[in-house]
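For reference, final21.csv is printed below; it contains CSV, C-alpha atoms and all ligand atoms.
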chain,number,residue,atom,x,y,z
J,1,MET,CA,81.4,43.2,31.6
J,2,ALA,CA,78.8,45.7,30.5
J,3,LYS,CA,77.7,45.8,34.2
J,4,ASN,CA,81.2,46.5,35.3
J,5,ILE,CA,81.5,49.4,32.9
J,6,THR,CA,78.2,50.8,34.1
J,7,SER,CA,79.4,50.5,37.7
J,8,LEU,CA,82.7,52.2,36.9
J,9,ALA,CA,80.8,55.0,35.1
J,10,LEU,CA,78.5,55.4,38.1
J,11,ALA,CA,81.5,55.4,40.5
J,12,LEU,CA,83.1,58.1,38.4
J,13,CYS,CA,79.9,60.1,38.4
J,14,LEU,CA,79.7,60.0,42.2
J,15,THR,CA,83.3,60.8,42.9
J,16,MET,CA,83.8,63.3,40.1
J,17,PRO,CA,80.4,64.8,39.3
J,18,MET,CA,82.1,67.4,37.0
J,19,LEU,CA,82.6,64.7,34.5
J,20,GLY,CA,78.8,64.6,34.0
J,21,CYS,CA,76.6,61.6,34.3
J,22,VAL,CA,75.0,61.2,30.8
J,23,SER,CA,76.5,58.3,29.0
J,24,THR,CA,76.3,58.4,25.2
J,25,THR,CA,76.5,54.6,24.9
J,26,GLU,CA,73.5,53.9,27.1
J,27,PRO,CA,70.1,53.6,25.5
J,28,ARG,CA,67.5,56.3,26.4
J,29,TYR,CA,64.3,54.7,27.8
J,30,VAL,CA,61.0,56.5,27.6
J,31,ILE,CA,58.3,56.4,30.3
J,32,ASP,CA,55.1,55.2,28.7
J,33,SER,CA,52.1,56.4,30.8
J,34,ASP,CA,49.4,55.8,28.2
J,35,THR,CA,49.5,52.1,27.2
J,36,TYR,CA,48.7,50.6,30.7
J,37,GLN,CA,46.8,52.1,33.6
J,38,ALA,CA,46.2,50.8,37.1
J,39,THR,CA,42.8,51.0,38.9
J,40,GLY,CA,44.2,50.7,42.4
J,41,LYS,CA,45.0,54.2,43.3
J,42,SER,CA,43.8,57.2,45.3
J,43,GLU,CA,44.6,60.8,46.2
J,44,ARG,CA,47.6,61.4,48.5
J,45,ILE,CA,45.7,64.3,50.2
J,46,LYS,CA,43.4,63.0,53.0
J,47,PHE,CA,42.9,66.0,55.3
J,48,ILE,CA,42.3,69.8,55.1
J,49,ILE,CA,43.8,71.5,58.2
J,50,LEU,CA,42.7,75.0,59.1
J,51,HIS,CA,44.8,77.5,61.1
J,52,TYR,CA,44.9,81.0,62.2
J,53,THR,CA,48.1,83.0,61.9
J,54,VAL,CA,48.2,85.2,65.1
J,55,GLY,CA,49.2,88.3,63.2
J,56,ASP,CA,48.1,90.8,60.7
J,57,ASN,CA,48.4,90.5,56.9
J,58,GLU,CA,51.9,91.8,56.7
J,59,LYS,CA,53.3,89.7,59.6
J,60,SER,CA,51.5,86.6,58.4
J,61,LEU,CA,52.8,87.0,54.9
J,62,LYS,CA,56.4,87.5,56.1
J,63,GLN,CA,56.3,84.4,58.4
J,64,LEU,CA,54.7,82.2,55.8
J,65,THR,CA,56.9,83.2,52.8
J,66,THR,CA,60.3,83.6,54.4
J,67,GLY,CA,60.4,81.3,57.4
J,68,ASN,CA,60.4,77.6,58.0
J,69,VAL,CA,56.7,77.4,58.5
J,70,SER,CA,54.3,77.5,55.5
J,71,ALA,CA,50.9,76.6,54.3
J,72,HIS,CA,49.4,75.9,50.9
J,73,TYR,CA,46.9,78.7,51.1
J,74,LEU,CA,46.7,82.0,53.0
J,75,ILE,CA,43.5,83.9,53.5
J,76,LEU,CA,44.2,87.6,54.3
J,77,ASN,CA,41.5,89.8,55.7
J,78,ASP,CA,41.5,92.2,52.7
J,79,ASP,CA,38.1,92.7,51.1
J,80,ASP,CA,39.3,91.7,47.7
J,81,ASN,CA,39.0,88.6,45.4
J,82,LYS,CA,42.3,87.0,46.3
J,83,ILE,CA,43.2,83.7,47.9
J,84,TYR,CA,46.9,83.2,48.0
J,85,ASN,CA,48.5,79.9,47.0
J,86,LEU,CA,52.0,79.8,48.6
J,87,VAL,CA,52.9,76.2,48.2
J,88,PRO,CA,51.8,74.0,45.2
J,89,GLU,CA,49.3,71.4,46.3
J,90,SER,CA,51.6,68.7,45.0
J,91,GLU,CA,54.3,69.7,47.5
J,92,ARG,CA,54.4,69.5,51.3
J,93,ALA,CA,53.8,72.6,53.3
J,94,TRP,CA,55.1,72.8,56.8
J,95,HIS,CA,52.0,73.6,58.9
J,96,ALA,CA,50.9,70.6,60.9
J,97,GLY,CA,53.8,69.4,63.0
J,98,ASN,CA,53.6,66.6,65.6
J,99,GLY,CA,50.2,65.0,66.2
J,100,GLY,CA,47.7,63.0,64.4
J,101,PHE,CA,44.1,62.3,63.5
J,102,ALA,CA,42.0,59.3,62.5
J,103,GLY,CA,44.9,56.9,63.0
J,104,ARG,CA,47.3,58.9,60.9
J,105,THR,CA,50.4,60.9,61.8
J,106,ILE,CA,52.8,63.1,60.0
J,107,LEU,CA,49.9,65.0,58.5
J,108,ASN,CA,52.1,67.3,56.5
J,109,ASP,CA,52.4,64.4,54.1
J,110,THR,CA,48.7,64.0,53.5
J,111,SER,CA,47.1,67.4,54.1
J,112,ILE,CA,46.4,70.7,52.6
J,113,GLY,CA,47.1,73.5,55.1
J,114,ILE,CA,45.2,76.8,55.1
J,115,GLU,CA,46.2,79.7,57.2
J,116,ILE,CA,43.8,82.5,58.0
J,117,VAL,CA,44.9,85.9,59.2
J,118,ASN,CA,43.4,86.3,62.6
J,119,ASP,CA,44.9,87.5,66.0
J,120,GLY,CA,43.6,84.4,67.9
J,121,ILE,CA,43.4,85.4,71.5
J,122,LYS,CA,42.6,89.0,72.3
J,123,PRO,CA,45.8,90.7,73.6
J,124,GLU,CA,44.5,91.4,77.0
J,125,TYR,CA,44.0,87.6,77.6
J,126,ARG,CA,47.3,86.4,76.3
J,127,LYS,CA,49.3,86.4,79.5
J,128,ALA,CA,48.8,82.8,80.4
J,129,LEU,CA,49.9,81.7,76.9
J,130,LYS,CA,53.0,83.9,77.2
J,131,ALA,CA,53.9,82.3,80.5
J,132,GLY,CA,54.0,78.9,78.7
J,133,VAL,CA,50.9,77.6,80.4
J,134,GLN,CA,48.2,76.7,77.9
J,135,ASP,CA,45.1,78.1,79.3
J,136,TYR,CA,41.6,77.1,78.4
J,137,HIS,CA,40.3,80.3,77.0
J,138,PRO,CA,36.5,80.9,76.9
J,139,TYR,CA,34.7,81.8,73.7
J,140,GLU,CA,34.8,85.5,74.3
J,141,HIS,CA,38.6,85.6,74.4
J,142,TYR,CA,38.9,84.7,70.7
J,143,VAL,CA,39.0,87.3,67.9
J,144,ASP,CA,36.2,87.2,65.2
J,145,PHE,CA,37.0,86.3,61.6
J,146,GLU,CA,36.0,88.8,58.9
J,147,GLU,CA,32.9,87.9,56.8
J,148,VAL,CA,35.0,88.1,53.6
J,149,GLN,CA,37.4,85.5,55.1
J,150,ILE,CA,34.5,83.0,55.7
J,151,LYS,CA,33.4,83.4,52.1
J,152,LYS,CA,36.9,82.8,50.8
J,153,ILE,CA,37.4,79.8,53.0
J,154,ALA,CA,34.0,78.3,52.0
J,155,GLN,CA,34.9,78.5,48.3
J,156,LEU,CA,38.4,77.2,48.7
J,157,VAL,CA,37.5,74.3,51.0
J,158,GLN,CA,34.5,73.3,49.0
J,159,GLY,CA,36.7,72.9,45.9
J,160,LEU,CA,39.5,71.1,47.7
J,161,ALA,CA,37.2,68.6,49.4
J,162,LEU,CA,35.5,67.8,46.1
J,163,ARG,CA,38.7,67.5,44.2
J,164,TYR,CA,40.5,65.2,46.7
J,165,LYS,CA,37.3,63.4,47.8
J,166,ILE,CA,38.0,64.3,51.5
J,167,SER,CA,35.7,62.9,54.1
J,168,PRO,CA,33.8,65.7,56.0
J,169,LYS,CA,35.2,64.5,59.3
J,170,ASP,CA,38.8,64.9,58.0
J,171,ILE,CA,38.4,68.6,57.5
J,172,ILE,CA,39.9,69.6,60.8
J,173,GLY,CA,41.5,72.3,62.9
J,174,HIS,CA,45.1,72.3,63.9
J,175,SER,CA,43.9,71.8,67.5
J,176,ASP,CA,42.0,68.6,66.5
J,177,MET,CA,45.3,67.0,65.5
J,178,ALA,CA,47.6,68.6,68.1
J,179,PRO,CA,45.3,69.2,71.2
J,180,SER,CA,48.2,69.8,73.7
J,181,ARG,CA,50.1,72.2,71.5
J,182,LYS,CA,47.6,74.1,69.4
J,183,ILE,CA,44.2,75.9,69.9
J,184,ASP,CA,43.8,77.3,66.3
J,185,PRO,CA,41.7,78.1,64.4
J,186,GLY,CA,40.0,78.8,67.7
J,187,ALA,CA,36.5,79.1,69.1
J,188,LYS,CA,35.3,81.7,66.6
J,189,PHE,CA,36.0,79.6,63.5
J,190,PRO,CA,32.4,78.9,62.2
J,191,TRP,CA,32.4,75.1,61.8
J,192,GLN,CA,28.7,74.9,62.2
J,193,ARG,CA,27.9,77.6,59.7
J,194,LEU,CA,30.3,76.1,57.1
J,195,HIS,CA,28.5,72.8,57.5
J,196,THR,CA,25.0,74.1,57.3
J,197,GLN,CA,25.5,76.9,54.8
J,198,TYR,CA,28.1,75.4,52.5
J,199,GLY,CA,28.1,71.6,53.2
J,200,ILE,CA,31.7,71.7,54.4
J,201,GLY,CA,33.0,69.5,57.2
J,202,ALA,CA,31.2,67.4,59.8
J,203,TRP,CA,28.5,68.4,62.2
J,204,TYR,CA,26.1,66.4,64.4
J,205,ASP,CA,22.4,66.1,64.0
J,206,GLU,CA,20.5,67.7,66.8
J,207,GLU,CA,18.1,64.8,67.2
J,208,ASP,CA,21.0,62.4,67.6
J,209,LYS,CA,22.4,64.7,70.3
J,210,GLN,CA,19.1,64.6,72.1
J,211,LEU,CA,19.1,60.9,71.9
J,212,PHE,CA,22.3,60.7,73.9
J,213,MET,CA,21.4,63.4,76.4
J,214,LYS,CA,20.7,60.8,79.1
J,215,GLN,CA,22.2,61.6,82.4
J,216,ASP,CA,22.1,58.0,83.7
J,217,GLU,CA,23.9,56.7,80.7
J,218,PHE,CA,26.6,59.4,81.0
J,219,ASP,CA,26.9,58.7,84.7
J,220,THR,CA,27.6,55.0,84.2
J,221,ALA,CA,30.0,55.5,81.2
J,222,THR,CA,33.6,54.9,82.4
J,223,ILE,CA,36.5,57.1,81.5
J,224,PRO,CA,38.1,54.5,79.3
J,225,GLU,CA,34.8,54.0,77.5
J,226,ILE,CA,34.4,57.8,76.8
J,227,LYS,CA,38.1,58.0,75.7
J,228,GLN,CA,37.3,55.2,73.3
J,229,GLU,CA,34.6,57.3,71.8
J,230,PHE,CA,37.1,60.1,71.2
J,231,ARG,CA,39.4,57.6,69.5
J,232,LYS,CA,36.6,56.3,67.4
J,233,TYR,CA,36.0,59.7,66.0
J,234,GLY,CA,39.7,60.3,65.3
J,235,TYR,CA,41.2,62.1,68.3
J,236,ARG,CA,44.4,60.8,69.8
J,237,ILE,CA,44.0,60.5,73.5
J,238,ASN,CA,46.0,58.6,76.2
J,239,ASP,CA,44.6,55.6,78.1
J,240,SER,CA,45.1,56.9,81.6
J,241,ASP,CA,42.2,56.2,83.9
J,242,ASP,CA,41.5,59.8,84.7
J,243,TRP,CA,41.0,63.2,83.0
J,244,ASP,CA,44.6,64.4,83.3
J,245,LYS,CA,45.9,67.5,81.6
J,246,ALA,CA,46.6,65.9,78.3
J,247,SER,CA,43.1,64.3,78.2
J,248,ARG,CA,41.5,67.6,79.1
J,249,ASP,CA,43.4,69.2,76.2
J,250,VAL,CA,41.5,66.8,73.9
J,251,ILE,CA,38.2,67.6,75.5
J,252,TYR,CA,38.9,71.3,75.0
J,253,ALA,CA,40.0,70.8,71.3
J,254,PHE,CA,36.8,68.8,70.7
J,255,GLN,CA,34.7,71.6,72.3
J,256,LEU,CA,36.5,74.3,70.3
J,257,HIS,CA,35.3,72.5,67.2
J,258,PHE,CA,31.8,71.2,68.1
J,259,SER,CA,30.7,73.2,71.2
J,260,PRO,CA,32.6,76.5,71.1
J,261,GLN,CA,30.4,78.5,73.4
J,262,HIS,CA,30.7,75.8,76.1
J,263,LEU,CA,34.4,75.6,76.6
J,264,THR,CA,34.8,73.8,80.0
J,265,ALA,CA,37.6,71.4,79.2
J,266,THR,CA,35.8,69.0,81.4
J,267,MET,CA,33.7,66.0,80.4
J,268,ASP,CA,30.1,66.7,80.8
J,269,LEU,CA,26.8,65.3,79.5
J,270,GLU,CA,26.5,67.7,76.6
J,271,THR,CA,30.0,67.1,75.3
J,272,TYR,CA,29.4,63.3,75.7
J,273,ALA,CA,26.1,63.5,73.8
J,274,ILE,CA,27.7,65.5,70.9
J,275,LEU,CA,30.6,63.0,70.7
J,276,LYS,CA,28.2,60.0,70.6
J,277,ALA,CA,26.0,61.8,68.0
J,278,LEU,CA,29.1,62.5,65.8
J,279,ASN,CA,30.1,58.8,66.0
J,280,LYS,CA,26.6,57.7,65.1
J,281,LYS,CA,26.8,59.8,62.0
J,282,TYR,CA,30.4,59.6,60.9
J,283,ALA,CA,32.3,56.7,62.6
J,284,GLY,CA,34.6,55.0,60.1
J,285,GLU,CA,33.8,57.5,57.3
J,286,ASP,CA,37.4,58.4,56.6
J,287,ASN,CA,38.1,58.2,52.9
J,288,PHE,CA,41.5,56.5,53.3
J,289,TYR,CA,41.5,54.2,50.3
J,301,ZN,ZN,48.1,76.1,63.3
Conversion result in structure tokens:
Amino acid sequence: MAKNITSLALALCLTMPMLGCVSTTEPRYVIDSDTYQATGKSERIKFIILHYTVGDNEKSLKQLTTGNVSAHYLILNDDDNKIYNLVPESERAWHAGNGGFAGRTILNDTSIGIEIVNDGIKPEYRKALKAGVQDYHPYEHYVDFEEVQIKKIAQLVQGLALRYKISPKDIIGHSDMAPSRKIDPGAKFPWQRLHTQYGIGAWYDEEDKQLFMKQDEFDTATIPEIKQEFRKYGYRINDSDDWDKASRDVIYAFQLHFSPQHLTATMDLETYAILKALNKKYAGEDNFY
């Protein structure tokens, strides 16, 4: 009978919300968070994703605060002491879109997004992009970041990585998770410097790279074997038996991150050696528990 009255009250609530839904006859229960605690738990945030905005401070601010794209943090290029937090870390920002990394998709759910004010490709080289053809721009086509931005990023990412216990290899660029759609944060983003100077993100050891710089080994590696190395590190890549456009997009994204002055978008010995060196150092080191 009590159940029927509750159902009736609920039905009335749903059909006539103006009646209000607080019943004076129902007991009020309290949530007790102190008496018992579980040990099996972890952070929801597993990735930090870096972007550039393609625009100046004003345009970037407008887009990220009034439109349907957003990021948790915005790094302007003002030489001041500000890092702007636009979305609370406990909420989703809309920055990642379709794609994936390290076996995970829907990365808006599990990442902190950081947008950096930067023009991306220099205006005189943008034509190919405007035509809807994603070109493989060389290093020189990208716009430099300001020194103050690097310092702001270093401090912000250091703190986030520590707080959420994020694996170095899961601090990635937008291009790493969406290689056929995105090229940001671009070739001028200083991944190597952030690693060596601030201990941020992943980078290969030079001696490991030299270990894998063996032409005969590279020559005998099949395309499916090399694609498997990309997957092992975290990249999503198709299983076609050739280096089609989508596969080359992955090579280019990888080079943007780990070999930015050597942007061939083709598989070669050096790219292969860096990929193998990274897998030797980091394979399986995603902190996904
Ligand atoms: Zn982006």
Residue nearest Glu285 (chain J) among J:Ala102, J:Ile49, J:Ile112, J:Leu256 (counting all atoms listed in the file):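 Going through J:Ala102, J:Ile49, J:Ile112, J:Leu256 one by one, the smallest distance to Glu285 (chain J) is for J:Ala102.
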d(CA of Ala187 (chain J), CA of Gln149 (chain J)) in Å: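 Answer for the CA of Ala187 (chain J) to CA of Gln149 (chain J) separation: 15.4 Å.
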Each residue of region 106-161 of chain J with at least one atom at most 9 Å from region 195-202 of chain J should appear once, together with its nearest atom pair and the corresponding distance in Å (one decimal); atoms considered: all atoms listed in the file; ordering: chain, then increasing residue number; output as CSV.
residue,atom,partner,partner_atom,distance
J:Ala154,CA,J:Tyr198,CA,6.6
J:Gln155,CA,J:Tyr198,CA,8.6
J:Val157,CA,J:Ile200,CA,7.2
J:Gln158,CA,J:Ile200,CA,6.3
J:Ala161,CA,J:Ile200,CA,8.1
When the cut-off is 12 Å and you count only C-alpha atoms and all ligand atoms, which residues lie near ligand ZN 301 (chain J), shown as a compact mmCIF listing (two decimals) with C-alpha atoms, in the coordinates of the input?
# COMPACT_ATOMS: atom_id res chain seq x y z
CA ILE J 48 42.30 69.80 55.10
CA ILE J 49 43.80 71.50 58.20
CA LEU J 50 42.70 75.00 59.10
CA HIS J 51 44.80 77.50 61.10
CA TYR J 52 44.90 81.00 62.20
CA THR J 53 48.10 83.00 61.90
CA VAL J 54 48.20 85.20 65.10
CA LEU J 64 54.70 82.20 55.80
CA VAL J 69 56.70 77.40 58.50
CA SER J 70 54.30 77.50 55.50
CA ALA J 71 50.90 76.60 54.30
CA LEU J 74 46.70 82.00 53.00
CA TRP J 94 55.10 72.80 56.80
CA HIS J 95 52.00 73.60 58.90
CA ALA J 96 50.90 70.60 60.90
CA GLY J 97 53.80 69.40 63.00
CA ASN J 98 53.60 66.60 65.60
CA GLY J 99 50.20 65.00 66.20
CA ASN J 108 52.10 67.30 56.50
CA GLY J 113 47.10 73.50 55.10
CA ILE J 114 45.20 76.80 55.10
CA GLU J 115 46.20 79.70 57.20
CA ILE J 116 43.80 82.50 58.00
CA VAL J 117 44.90 85.90 59.20
CA ASN J 118 43.40 86.30 62.60
CA GLY J 120 43.60 84.40 67.90
CA ILE J 172 39.90 69.60 60.80
CA GLY J 173 41.50 72.30 62.90
CA HIS J 174 45.10 72.30 63.90
CA SER J 175 43.90 71.80 67.50
CA ASP J 176 42.00 68.60 66.50
CA MET J 177 45.30 67.00 65.50
CA ALA J 178 47.60 68.60 68.10
CA PRO J 179 45.30 69.20 71.20
CA ARG J 181 50.10 72.20 71.50
CA LYS J 182 47.60 74.10 69.40
CA ILE J 183 44.20 75.90 69.90
CA ASP J 184 43.80 77.30 66.30
CA PRO J 185 41.70 78.10 64.40
CA GLY J 186 40.00 78.80 67.70
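The nearest approach to Arg193 (chain J) among the residues J:His72, J:Lys214, J:Lys232, J:His257, with all atoms listed in the file taken into account, belongs to J:His257.
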Computed interatomic separation between CA of Tyr73 (chain J) and CA of Leu86 (chain J) (Å): 5.8 Å
Pick from J:Ile83, J:Ile121, J:Leu194, J:Val143 nearest to Leu156 (chain J), counting all atoms listed in the file: J:Ile83
Pick from J:Leu162, J:Leu278, J:Ala265, J:Val148, whichever lies nearest to Val250 (chain J) using all atoms listed in the file: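 For Val250 (chain J), the nearest of the given residues is J:Ala265.
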Within 9 Å of Tyr272 (chain J) using all atoms listed in the file, minus same-chain residues under 5 positions, as a list in words: Lys209, Phe212, Met213, Phe218, Ile226, Glu229, Met267 and Ala277 of chain J
Can I get the selected residues back with C-alpha atoms, as a JSON list (two decimals), in the frame of the given file?
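What ended up in result14.json:
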[["chain", "number", "residue", "atom", "x", "y", "z"],
["J", 209, "LYS", "CA", 22.40, 64.70, 70.30],
["J", 212, "PHE", "CA", 22.30, 60.70, 73.90],
["J", 213, "MET", "CA", 21.40, 63.40, 76.40],
["J", 218, "PHE", "CA", 26.60, 59.40, 81.00],
["J", 226, "ILE", "CA", 34.40, 57.80, 76.80],
["J", 229, "GLU", "CA", 34.60, 57.30, 71.80],
["J", 267, "MET", "CA", 33.70, 66.00, 80.40],
["J", 277, "ALA", "CA", 26.00, 61.80, 68.00]]
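In this comparison, which uses only C-alpha atoms, the residue of J:Glu91, J:Asp135, J:Asp34, J:Asp268 approaching Asp249 (chain J) most closely is J:Asp135.
Within 7 Å of the point (44.3, 61.3, 73.7), counting all atoms listed in the file, the protein and nucleic acid residues come to Tyr235, Arg236, Ile237, Asn238, Ala246, Ser247 and Val250 of chain J.
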Protein and nucleic acid residues near (33.5, 67.2, 76.8) (cut-off 10 Å, only C-alpha atoms) as a ChimeraX atom specification: /J:226,230,248,250-255,258-259,262-275
Point-to-point distance from CA of Tyr233 (chain J) to CA of Gly284 (chain J), Å rounded to tenths: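 CA of Tyr233 (chain J) sits 7.7 Å away from CA of Gly284 (chain J).
Proximity of J:Phe288, J:Gln210, J:Gly234, J:Ile150 to Trp191 (chain J), computed with all atoms listed in the file, is greatest for J:Ile150.
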